[in-house]
Structure formats: structure tokens, C-alpha cells
>>> print(open('upload.txt').read())   # compact mmCIF, C-alpha atoms
# COMPACT_ATOMS: atom_id res chain seq x y z
CA MET A 1258 0.81 -10.33 6.37
CA ALA A 1259 -1.14 -9.92 9.57
CA VAL A 1260 -3.82 -7.24 9.87
CA ILE A 1261 -5.34 -6.82 13.33
CA VAL A 1262 -7.97 -4.22 14.20
CA MET A 1263 -8.78 -3.55 17.83
CA THR A 1264 -10.90 -1.51 20.18
CA ARG A 1265 -10.09 -1.32 23.86
CA GLU A 1266 -11.80 0.28 26.82
CA LEU A 1267 -9.90 2.71 29.02
CA GLY A 1268 -8.41 0.94 32.05
CA THR A 1269 -8.42 -2.60 30.59
CA LEU A 1270 -4.64 -2.95 30.06
CA GLY A 1271 -5.39 -2.87 26.35
CA LYS A 1272 -2.21 -0.87 25.71
CA ASP A 1273 -0.21 -3.73 27.21
CA VAL A 1274 -1.96 -6.21 24.92
CA VAL A 1275 -1.12 -4.00 21.93
CA ALA A 1276 2.53 -3.74 23.00
CA GLY A 1277 2.76 -7.51 23.44
CA LEU A 1278 1.31 -8.17 19.98
CA ALA A 1279 3.60 -5.63 18.35
CA GLU A 1280 6.63 -7.29 19.93
CA ARG A 1281 5.58 -10.87 19.14
CA LEU A 1282 4.46 -10.25 15.55
CA GLY A 1283 6.58 -7.25 14.58
CA LEU A 1284 3.50 -5.16 13.79
CA ASP A 1285 3.31 -1.44 13.08
CA VAL A 1286 0.87 0.05 15.60
CA ILE A 1287 -1.31 2.85 14.24
CA HIS A 1288 -2.27 5.21 17.05
CA HIS A 1289 -4.71 8.11 17.00
CA GLY A 1290 -2.10 10.81 16.42
CA LEU A 1291 -0.97 9.32 13.10
CA VAL A 1292 -4.53 8.74 11.91
CA GLU A 1293 -5.65 12.25 12.87
CA HIS A 1294 -2.71 13.81 11.02
CA ASP A 1295 -3.31 11.81 7.83
CA ILE A 1296 -7.09 12.41 7.88
CA ALA A 1297 -6.50 16.14 8.33
CA GLU A 1298 -4.21 16.17 5.28
CA SER A 1299 -6.62 14.24 3.05
CA SER A 1300 -9.78 16.05 4.19
CA GLY A 1301 -8.34 19.55 4.14
CA LEU A 1302 -9.59 20.13 7.71
CA PRO A 1303 -7.38 21.48 10.51
CA GLU A 1304 -5.89 18.72 12.66
CA SER A 1305 -7.52 20.33 15.72
CA ALA A 1306 -10.96 20.01 14.06
CA VAL A 1307 -10.31 16.34 13.26
CA HIS A 1308 -9.30 15.70 16.87
CA ARG A 1309 -12.41 17.44 18.25
CA PHE A 1310 -14.67 15.45 15.92
CA LEU A 1311 -13.13 12.06 16.69
CA GLU A 1312 -13.05 12.75 20.42
CA GLY A 1313 -16.72 13.78 20.42
CA GLU A 1314 -15.94 17.42 21.24
CA ALA A 1315 -17.02 19.04 17.96
CA SER A 1316 -19.88 21.51 17.89
CA LEU A 1317 -23.21 20.66 16.28
CA LEU A 1318 -22.30 22.84 13.27
CA GLU A 1319 -18.92 21.11 12.85
CA ARG A 1320 -20.50 17.67 13.09
CA TRP A 1321 -23.16 18.53 10.50
CA ARG A 1322 -20.64 20.11 8.11
CA ASP A 1323 -17.75 17.67 8.45
CA ARG A 1324 -19.32 14.25 9.13
CA ARG A 1325 -19.46 12.99 5.52
CA ARG A 1326 -16.00 14.31 4.68
CA MET A 1327 -14.54 12.82 7.87
CA ARG A 1328 -16.18 9.44 7.30
CA CYS A 1329 -14.94 9.34 3.72
CA CYS A 1330 -11.35 10.30 4.56
CA THR A 1331 -11.22 8.00 7.58
CA ALA A 1332 -12.36 5.07 5.46
CA GLN A 1333 -9.71 5.68 2.82
CA GLU A 1334 -6.96 6.05 5.43
CA ILE A 1335 -7.93 2.79 7.17
CA PHE A 1336 -8.04 0.85 3.89
CA GLU A 1337 -4.67 2.29 2.82
CA LEU A 1338 -3.11 1.18 6.12
CA ALA A 1339 -4.64 -2.31 5.97
CA ALA A 1340 -3.45 -2.81 2.38
CA LYS A 1341 0.17 -2.34 3.53
CA GLY A 1342 -0.25 -5.28 5.92
CA ASN A 1343 1.73 -6.20 9.04
CA VAL A 1344 -0.26 -3.67 11.02
CA LEU A 1345 -2.39 -3.28 14.15
CA ILE A 1346 -4.96 -0.48 13.86
CA ARG A 1347 -6.51 0.76 17.09
CA GLY A 1348 -10.08 1.99 16.75
CA TRP A 1349 -11.17 4.68 14.27
CA GLY A 1350 -13.95 2.50 12.87
CA SER A 1351 -11.45 0.00 11.47
CA VAL A 1352 -13.40 -2.97 12.87
CA TYR A 1353 -16.52 -1.86 11.01
CA LEU A 1354 -14.79 -0.75 7.81
CA LEU A 1355 -12.74 -3.94 7.38
CA ARG A 1356 -15.50 -6.36 8.41
CA SER A 1357 -15.82 -7.92 4.92
CA VAL A 1358 -12.09 -8.72 4.53
CA PRO A 1359 -11.59 -12.37 5.59
CA HIS A 1360 -7.95 -12.17 6.70
CA VAL A 1361 -8.52 -9.22 9.06
CA LEU A 1362 -8.76 -10.25 12.73
CA SER A 1363 -10.96 -7.95 14.85
CA VAL A 1364 -10.44 -7.84 18.61
CA ARG A 1365 -12.15 -6.11 21.51
CA VAL A 1366 -10.46 -5.80 24.91
CA CYS A 1367 -12.82 -5.07 27.80
CA ALA A 1368 -13.18 -5.53 31.55
CA PRO A 1369 -15.72 -4.87 34.36
CA MET A 1370 -15.93 -1.31 35.69
CA GLU A 1371 -14.36 -2.13 39.08
CA PHE A 1372 -11.29 -3.60 37.38
CA ARG A 1373 -10.98 -0.59 35.09
CA GLU A 1374 -11.33 1.83 37.99
CA ALA A 1375 -8.53 0.08 39.88
CA VAL A 1376 -6.21 0.14 36.86
CA LEU A 1377 -6.84 3.83 36.21
CA MET A 1378 -6.40 4.77 39.87
CA GLN A 1379 -3.04 3.00 39.94
CA ARG A 1380 -1.81 4.46 36.64
CA LEU A 1381 -2.93 8.04 37.34
CA GLY A 1382 -2.27 7.99 41.08
CA LEU A 1383 -5.92 8.73 41.86
CA LYS A 1384 -7.32 8.30 45.38
CA ASP A 1385 -10.96 8.81 44.42
CA ARG A 1386 -12.67 5.84 42.75
CA ALA A 1387 -15.56 8.08 41.67
CA ALA A 1388 -13.13 10.34 39.77
CA ALA A 1389 -11.75 7.31 37.94
CA ARG A 1390 -15.26 6.20 37.02
CA ARG A 1391 -16.15 9.65 35.67
CA GLU A 1392 -13.07 9.63 33.43
CA ILE A 1393 -13.89 6.13 32.16
CA GLU A 1394 -17.51 7.02 31.47
CA ARG A 1395 -16.47 10.20 29.65
CA ASP A 1396 -14.04 8.26 27.47
CA ASP A 1397 -16.59 5.51 26.70
CA ALA A 1398 -19.26 8.06 25.76
CA ALA A 1399 -16.90 9.99 23.47
CA HIS A 1400 -15.78 6.90 21.58
CA ASN A 1401 -19.24 5.41 21.23
CA GLY A 1402 -20.64 8.79 20.17
CA THR A 1403 -18.03 9.09 17.41
CA MET A 1404 -18.80 5.61 16.06
CA GLN A 1405 -22.52 6.33 16.16
CA ARG A 1406 -22.11 9.59 14.26
CA MET A 1407 -19.71 8.27 11.64
CA PHE A 1408 -20.94 4.72 11.06
CA GLY A 1409 -24.16 4.30 13.03
CA ILE A 1410 -22.78 1.43 15.13
CA ASP A 1411 -22.46 0.54 18.82
CA TRP A 1412 -18.75 -0.24 19.31
CA THR A 1413 -19.54 -2.45 22.35
CA ASP A 1414 -21.62 -4.92 20.30
CA PRO A 1415 -19.67 -8.22 20.35
CA ALA A 1416 -21.12 -9.18 16.96
CA HIS A 1417 -18.63 -6.75 15.35
CA TYR A 1418 -15.62 -8.75 16.60
CA THR A 1419 -13.83 -12.01 15.92
CA ILE A 1420 -12.97 -12.30 19.61
CA VAL A 1421 -13.76 -10.35 22.80
CA LEU A 1422 -11.26 -10.67 25.66
CA ASN A 1423 -11.95 -9.76 29.30
CA THR A 1424 -8.64 -8.81 30.93
CA ALA A 1425 -10.13 -9.27 34.41
CA ARG A 1426 -10.33 -12.99 33.57
CA VAL A 1427 -7.58 -13.43 30.96
CA PRO A 1428 -4.17 -11.89 31.82
CA VAL A 1429 -2.37 -9.74 29.26
CA GLN A 1430 0.03 -12.48 28.18
CA GLY A 1431 -2.86 -14.90 27.78
CA CYS A 1432 -4.66 -12.36 25.57
CA VAL A 1433 -1.54 -11.95 23.43
CA ASP A 1434 -1.10 -15.72 23.09
CA CYS A 1435 -4.75 -16.18 22.10
CA ILE A 1436 -4.66 -13.45 19.45
CA VAL A 1437 -1.36 -14.70 18.01
CA ARG A 1438 -2.74 -18.24 17.66
CA LEU A 1439 -5.80 -16.92 15.86
CA VAL A 1440 -3.99 -14.58 13.48
CA GLN A 1441 -1.52 -17.33 12.54
CA SER A 1442 -4.27 -19.89 11.96
CA PRO A 1443 -5.41 -20.87 8.43
CA ALA A 1444 -8.74 -19.09 9.02
CA PHE A 1445 -6.95 -15.72 8.90
CA ALA A 1446 -4.36 -16.48 6.25
CA GLU A 1447 -4.13 -13.88 3.50
CA THR A 1448 -5.43 -15.31 0.21
CA GLU A 1449 -5.76 -13.96 -3.31
CA GLU A 1450 -9.52 -13.62 -2.72
CA SER A 1451 -9.11 -11.74 0.58
CA LYS A 1452 -6.47 -9.43 -0.91
CA ALA A 1453 -8.79 -8.74 -3.85
CA GLU A 1454 -11.66 -7.87 -1.48
CA LEU A 1455 -9.44 -5.43 0.41
CA MET A 1456 -8.25 -3.84 -2.84
CA ASN A 1457 -11.83 -3.46 -4.07
CA GLN A 1458 -12.72 -1.67 -0.82
CA LEU A 1459 -9.62 0.53 -1.04
CA ILE A 1460 -10.30 1.60 -4.64
CA SER A 1461 -13.93 2.29 -3.76
CA ALA A 1462 -12.81 4.52 -0.86
CA ARG A 1463 -10.39 6.36 -3.15
CA VAL A 1464 -13.19 6.91 -5.67
CA ARG A 1465 -15.54 8.29 -3.00
CA SER A 1466 -12.84 10.62 -1.68
CA ALA A 1467 -12.03 11.90 -5.17
CA LEU A 1468 -15.69 12.58 -5.99
CA GLU A 1469 -16.36 14.40 -2.74
CA ARG A 1470 -13.19 16.50 -2.98
CA HIS A 1471 -14.06 17.52 -6.55
CA PHE A 1472 -17.84 17.93 -6.41
CA GLY A 1473 -18.42 18.53 -2.69
CA SER A 1474 -20.14 16.34 -0.13
CA ASP A 1475 -23.68 16.82 -1.44
CA ALA A 1476 -22.90 16.11 -5.11
CA GLY A 1477 -20.42 13.36 -4.32
CA GLY A 1478 -22.97 11.67 -2.08
CA LEU A 1479 -25.38 11.25 -5.02
CA ILE A 1480 -22.99 8.89 -6.80
CA LYS A 1481 -22.48 5.28 -5.75
CA SER A 1482 -19.56 3.13 -6.84
CA GLU A 1483 -19.09 -0.62 -7.05
CA VAL A 1484 -15.60 -1.97 -7.67
CA LYS A 1485 -14.47 -5.38 -8.87
CA ALA A 1486 -10.87 -6.09 -9.94
CA GLY A 1487 -10.28 -2.41 -10.68
CA GLN A 1488 -13.43 -2.04 -12.76
CA VAL A 1489 -15.73 0.67 -11.35
CA MET A 1490 -19.47 0.86 -11.98
CA LEU A 1491 -20.99 4.25 -11.15
CA THR A 1492 -24.69 4.72 -10.41
CA GLY A 1493 -26.75 7.66 -9.17
CA GLN A 1494 -27.73 11.11 -10.38
CA MET A 1495 -26.01 14.36 -11.32
CA VAL A 1496 -27.21 17.73 -12.58
CA ASP A 1497 -26.41 17.23 -16.27
CA ALA A 1498 -24.40 15.25 -18.82
CA HIS A 1499 -21.42 17.58 -18.53
CA TYR A 1500 -20.94 16.76 -14.85
CA ILE A 1501 -21.47 13.06 -15.53
CA ALA A 1502 -18.67 13.07 -18.12
CA GLU A 1503 -16.49 15.00 -15.67
CA ALA A 1504 -17.15 12.43 -12.93
CA VAL A 1505 -16.20 9.56 -15.25
CA ARG A 1506 -12.95 11.27 -16.25
CA LEU A 1507 -12.15 11.91 -12.60
CA VAL A 1508 -12.76 8.30 -11.56
CA ARG A 1509 -10.62 6.99 -14.44
CA SER A 1510 -7.68 8.93 -12.97
CA VAL A 1511 -7.98 7.32 -9.50
CA GLU A 1512 -5.12 5.01 -8.54
CA GLY A 1513 -6.02 1.34 -9.08
CA VAL A 1514 -8.95 1.98 -11.44
CA THR A 1515 -8.63 0.04 -14.71
CA GLY A 1516 -12.01 0.90 -16.25
CA VAL A 1517 -15.25 2.80 -15.60
CA GLU A 1518 -18.83 1.94 -16.52
CA SER A 1519 -21.32 4.76 -15.93
CA HIS A 1520 -25.01 4.36 -15.16
CA ILE A 1521 -25.35 7.89 -13.76
CA VAL A 1522 -28.42 9.71 -15.06
CA PRO A 1523 -29.17 13.47 -15.13
CA ILE A 1524 -31.41 14.60 -12.26
CA GLY A 1525 -35.03 14.59 -13.36
CA PHE A 1526 -34.44 12.06 -16.13
CA GLN A 1527 -36.58 8.94 -15.82
CA PRO A 1528 -35.03 5.94 -17.62
CA ILE A 1529 -37.51 3.93 -19.74
CA GLU A 1530 -38.24 0.51 -18.34
CA HIS A 1531 -38.07 -2.36 -20.82
>>> encode(input="upload.txt", output="C-alpha cells")
Amino acid sequence: MAVIVMTRELGTLGKDVVAGLAERLGLDVIHHGLVEHDIAESSGLPESAVHRFLEGEASLLERWRDRRRMRCCTAQEIFELAAKGNVLIRGWGSVYLLRSVPHVLSVRVCAPMEFREAVLMQRLGLKDRAAARREIERDDAAHNGTMQRMFGIDWTDPAHYTIVLNTARVPVQGCVDCIVRLVQSPAFAETEESKAELMNQLISARVRSALERHFGSDAGGLIKSEVKAGQVMLTGQMVDAHYIAEAVRLVRSVEGVTGVESHIVPIGFQPIEH
């Protein structure tokens, strides 16, 4: 089943491209409201706080306190959505998070500033081109700031994408046709190997979320997990053996985990090198 992840700049007709793809391929489109609601539920944060963070409006204190929890919960939500298949996910770091899954097609829709200004002026009934530019620049800065804070990436970098489409040169229908051809090509066919990679990433995200919910962001961040075919290998440090055993029991209870191998050591313990 098709999985498309997309970023689009304001005023590029990206919404029209999304609508065309949804109609042609019968995709579920995941918009920001759904993602914000689900992240709020899984993170335990108010939905208003999630919205402020993702829109770049959170205070310095909120960003410092909530960044790890938000990144963790966002990652799990994106992997859960992708695993269902037949979906188009707009933004939210999905391009970066799903970059290692071969059957996921990543798309960026962009256009020159003059084109974007004209589109926004028409859609919002604006007379002032400068006002349209200010709104575009504000939106670009908010989205790029969120991706920088959460994942340390520049969302405009074309290296993150399978294909970048300029709607000033390629009309909406042409963009839709191009993306459909790609996603239906053998290069983006879902295989047992690509499904396994996605499931490994999903289980790993579930493990990280479980550890951080149980131990807190600081303690959970000391433990690393590697997943292969449901088998989880834990590495890192914890305060003592009691907490290590507790972490192993917790991870064993995570959905999709079939076994756990622990290489976590108590803080301050130096393993003997052989």
C-alpha cells in the first residue's frame, strides 16, 4: 500500500496536489489537526501546548521542557500511521523519520516567492503583496524552526526528498501524474524487507516512548534501543540494577517486542575490556 510523505510551502497549490493524489490513489490524508490531537494524547501534554510547539510559538521554557517528549511522541505517531499504509502524511518530520523505509515516497512542493505571493493574494483576497510575503515568511520560519528544534534538519534541503516539484513550472495535474507514476513504480513497491524496516522503526519508537513515559525524559534518554524482527537490544546506563531490571520488564511488554537483550550497565560501572 502506498505511503507518501510531503512538505509543501504556503502558496504553492500544495493542497491541490494533495487533494488530487487522495482522489487518484484513495489515500487517507493526515493533516495537522489529527496529528496534534494524537500527539497530545500520547505525550500527556495539552493540545494547545502541542500546537504552540509545532507552530514555533512555544516559550523557551516549553521548548526546553517538552522537546524530547514531543519528538518521541511525534515519531511514534508517524510510524504508526505509515504502518497502516494507504496514507499521505503532510509534514511533521515524516520525511526525515521515514527516510530509511524504501517504499515510502517523499515529496516536496515548492515555488518562487512571486508565484506564492500571487496565489496567497488571490486566495485570501489581499491587495498588498508585502502583506502576503510577510505571511509566507512567517509560515516558512515557523515550520523550519520546528524541524530544526525537533530533528536538527533544514526542511528545504532537496537531499531529504525523492522528488521536488515546482508548481510555477509544473501544473497541479502534472505534479499529481508524476507522483502517481513514481509511487506505482517497482522502485516504491512494498516488499517484505521494506515492511520489516518500517516495523523495526515502529517498535523502536514504541520502546522509546514507553521508557520516557515510565522513567522520564532524562532517564529514558540514557537508554538506546536497536530492533530487528521484534528482538530489542538495549544499551546505555541507569542508576542501579533494580532500574535496569524494571526497564527490561517494561520493554518486554511493548507491542511487537518478541525478546529483549540488555547491555545496560549501572552508572559508574566500568565494564572490563577483554
>>> closest_residue(input="upload.txt", among="A:Leu1278, A:Leu1270, A:Met1456, A:Val1433", to="Gln1379 in chain A", atoms="all atoms listed in the file")
A:Leu1270
>>> closest_residue(input="upload.txt", among="A:Ser1451, A:Thr1515, A:Ser1482, A:Thr1269", to="Val1361 in chain A", atoms="all atoms listed in the file")
A:Ser1451
>>> closest_residue(input="upload.txt", among="A:Glu1334, A:Glu1483, A:Asp1273, A:Glu1454", to="Gln1430 in chain A", atoms="only C-alpha atoms")
A:Asp1273
>>> residues_around(input="upload.txt", residues="Ile1261 in chain A", least_positions_apart="5", cutoff="6 Å", atoms="all atoms listed in the file", output="list in words")
Leu1345, Val1361, Leu1362 and Ser1363 of chain A
>>> residues_around(input="upload.txt", residues="Val1262 in chain A", least_positions_apart="2", cutoff="12 Å", atoms="all atoms listed in the file", output="number ranges by chain")
A: 1259-1260, 1264-1265, 1275, 1278, 1284-1288, 1335-1336, 1338-1339, 1342-1356, 1358, 1360-1366, 1417-1420, 1436, 1440
>>> atom_distance(input="upload.txt", atom1="CA of Gln1488 in chain A", atom2="CA of Arg1509 in chain A")
9.6 Å
>>> closest_residue(input="upload.txt", among="A:Val1427, A:Glu1280, A:Arg1463, A:Glu1518", to="Thr1331 in chain A", atoms="all atoms listed in the file")
A:Arg1463
>>> residues_around(input="upload.txt", residues="His1499 in chain A", least_positions_apart="4", cutoff="12 Å", atoms="all atoms listed in the file", output="list in words")
Met1495, Glu1503, Ala1504, Val1505, Arg1506, Ile1521, Val1522 and Pro1523 of chain A
>>> atom_distance(input="upload.txt", atom1="CA of Ala1368 in chain A", atom2="CA of Asn1423 in chain A")
4.9 Å
>>> closest_residue(input="upload.txt", among="A:Gln1333, A:Thr1424, A:Thr1403, A:Asn1457", to="Arg1373 in chain A", atoms="all atoms listed in the file")
A:Thr1424
>>> residues_around(input="upload.txt", residues="Asp1411 in chain A", least_positions_apart="6", cutoff="10 Å", atoms="all atoms listed in the file", output="ChimeraX atom specification")
/A:1400-1405,1417
>>> closest_residue(input="upload.txt", among="A:Phe1408, A:Val1429, A:Gly1493, A:Val1517", to="Lys1272 in chain A", atoms="all atoms listed in the file")
A:Val1429
>>> atom_distance(input="upload.txt", atom1="CA of Cys1432 in chain A", atom2="CA of Thr1413 in chain A")
18.2 Å
>>> decode(input="upload.txt", residues="range 1456-1491 of chain A", atoms="C-alpha atoms", output="PDB file, in the first residue's frame")
ATOM      1  CA  MET A1456       8.148  -2.379  11.694  1.00  0.00           C
ATOM      2  CA  ASN A1457      11.617  -2.219  13.271  1.00  0.00           C
ATOM      3  CA  GLN A1458      11.373   1.586  13.337  1.00  0.00           C
ATOM      4  CA  LEU A1459       7.843   1.464  14.758  1.00  0.00           C
ATOM      5  CA  ILE A1460       8.773  -0.939  17.580  1.00  0.00           C
ATOM      6  CA  SER A1461      11.838   1.166  18.374  1.00  0.00           C
ATOM      7  CA  ALA A1462       9.637   4.280  18.626  1.00  0.00           C
ATOM      8  CA  ARG A1463       7.203   2.432  20.897  1.00  0.00           C
ATOM      9  CA  VAL A1464      10.097   1.343  23.116  1.00  0.00           C
ATOM     10  CA  ARG A1465      11.453   4.903  23.383  1.00  0.00           C
ATOM     11  CA  SER A1466       8.001   6.262  24.224  1.00  0.00           C
ATOM     12  CA  ALA A1467       7.447   3.608  26.898  1.00  0.00           C
ATOM     13  CA  LEU A1468      10.829   4.270  28.532  1.00  0.00           C
ATOM     14  CA  GLU A1469      10.374   8.031  28.586  1.00  0.00           C
ATOM     15  CA  ARG A1470       6.816   7.831  29.922  1.00  0.00           C
ATOM     16  CA  HIS A1471       7.929   5.486  32.713  1.00  0.00           C
ATOM     17  CA  PHE A1472      11.338   6.882  33.670  1.00  0.00           C
ATOM     18  CA  GLY A1473      11.080  10.474  32.434  1.00  0.00           C
ATOM     19  CA  SER A1474      12.918  12.193  29.607  1.00  0.00           C
ATOM     20  CA  ASP A1475      16.324  12.310  31.301  1.00  0.00           C
ATOM     21  CA  ALA A1476      16.421   8.654  32.380  1.00  0.00           C
ATOM     22  CA  GLY A1477      14.763   7.403  29.213  1.00  0.00           C
ATOM     23  CA  GLY A1478      17.283   9.311  27.120  1.00  0.00           C
ATOM     24  CA  LEU A1479      20.174   7.322  28.647  1.00  0.00           C
ATOM     25  CA  ILE A1480      18.915   4.081  27.101  1.00  0.00           C
ATOM     26  CA  LYS A1481      19.327   3.254  23.420  1.00  0.00           C
ATOM     27  CA  SER A1482      17.404   0.536  21.623  1.00  0.00           C
ATOM     28  CA  GLU A1483      18.106  -1.413  18.454  1.00  0.00           C
ATOM     29  CA  VAL A1484      15.325  -3.548  16.993  1.00  0.00           C
ATOM     30  CA  LYS A1485      15.465  -6.386  14.497  1.00  0.00           C
ATOM     31  CA  ALA A1486      12.475  -8.643  13.782  1.00  0.00           C
ATOM     32  CA  GLY A1487      10.957  -7.841  17.164  1.00  0.00           C
ATOM     33  CA  GLN A1488      14.158  -8.536  19.076  1.00  0.00           C
ATOM     34  CA  VAL A1489      15.281  -5.489  21.087  1.00  0.00           C
ATOM     35  CA  MET A1490      18.846  -4.856  22.231  1.00  0.00           C
ATOM     36  CA  LEU A1491      19.140  -2.229  24.965  1.00  0.00           C
TER      37      LEU A1491
END
